[in-house]
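First up is the structure itself, then whatever we jot down about it.
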Amino acid sequence: EENDYDVFAGRARVGLGRKMYVGLRETIRRNGTEREDRGARPTIVTAGAREDRPASADDLVVVVDSDDREVGQAGKLDVHVPPGIRHRAFSVLVRGDDGWLLQQRAPSKYHFAGLWSNTCCSHPRPGEDIETAARRRLMEELGMQASELETVGRFEYVAADPVSGFVEHEVVHVLVADAATEPRPAAEEVAGVRWIGTAELLDEIAQHPSSFTPWLPDVLSLAVGSGRPAGVDGAR
């Protein structure tokens with residue numbers, strides 16, 4: 001069976017996952033009040049609460065256009081309902097003397113559960129800057145601190161999880177950091193952690209792509225391209 005994403009191109013191919021829509025179509029009105037597409041129609045809100053339940057900053061993510069300009073806000077789960085709403089996200093890759101720090105996503109995660117991924121990935125809250133959000137999630141997920149957080153680029157991707165049926169459509173800011181403390185993972189967030197060098201990681205992704213999250217190849221590409229590789233495969 002064909003993989004749901006092309007690990008070498010580092011880009012998801014929409015519609016190949018089971019239960020997924022064929023193609024992606026969305027219309028986000030510039031006033032940030034309504035989204036129209038096929039299937040579910042979650043409401044994009046600009047402040048306050050949704051009609052069906054109270055909303056807090058913890059529940060909301062930032063909806064963006066292709067240039068990462070904010071066009072509204074929406075519930076975290078709502079943006080992952082097929083065919084997905086483009087939203088802002090970040091991915092952190094922490095390096096140390098033994099390579100890059102990967103996490104295995106906890107089995108309780110609502111999508112891409114159990115897969116190996118970069119150190120930490122999440123969404124900034126409305127009004128929260130990327131670095132602050134990255135440091136917050138490193139502590140919440142892994143109980144660790146990092147020094148010298150560096151933004152090395154961003155990319156947009158779409159990926160369908162064939163198990164959960166959820167879809168990611170994110171503009172991802174990639175940050176590279178040096179480990180300042182050892183990880184102490186939160187069990188509800190992380191099933192396991194490991195350190196791995198770039199060459200070994202690339203080999204594993206090529207041989208077992210379904211064991212890794214679809215956004216990891218792009219994250220790794222930007223991290224390695226930053227010119228500051230992890231310890232195993234080159235001096236920092």
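Each chain in the structure tokens gets a letter, A, B and so on, in the order shown; residues start at 1 in every chain, and ligands are counted from 1 in the order they appear.
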Within 6 Å of region 106-130 of chain A, which residues of region 156-210 of chain A come that close, and what is the closest atom pair and distance in Å for each? Count only C-alpha atoms and give it as JSON lines.
{"residue": "A:Ser164", "atom": "CA", "partner": "A:His111", "partner_atom": "CA", "distance": 5.7}
{"residue": "A:Glu189", "atom": "CA", "partner": "A:Ala106", "partner_atom": "CA", "distance": 5.2}
{"residue": "A:Val190", "atom": "CA", "partner": "A:Ala106", "partner_atom": "CA", "distance": 4.5}
{"residue": "A:Ala191", "atom": "CA", "partner": "A:Ala106", "partner_atom": "CA", "distance": 4.5}
### Message
Please return, as number ranges by chain, all residues of region 85-217 of chain A that DSSP assigns to strand (DSSP E or B) on the basis of the backbone.
### Response
A: 87-96, 99-105, 116-117, 120-122, 146-160, 167-179, 190-196, 212
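When CA of Lys76 (chain A) is paired with CA of Leu175 (chain A), their separation reads 21.4 Å.
Among the candidates A:Glu141, A:Arg86, A:Leu222, A:Phe212, the one nearest to Val71 (chain A) when counting only C-alpha atoms is A:Arg86.
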### Task
For Arg88 (chain A), please output as a PyMOL selection string all residues within 8 Å (counting only C-alpha atoms; exclusion window: fewer than 4 positions along the same chain).
chain A and resi 61-64+68+123-124+170-173
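The gap separating CA of Val193 (chain A) from CA of Leu101 (chain A) is 6.9 Å, in Å to one decimal.
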### Query
What does the distance between CA of Val219 (chain A) and CA of Ala180 (chain A) come to in Å, to one decimal place?
20.6 Å
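Considering only C-alpha atoms, the residue among A:Leu102, A:Leu60, A:Ile85, A:Ala133 positioned nearest to Val158 (chain A) is A:Ile85.
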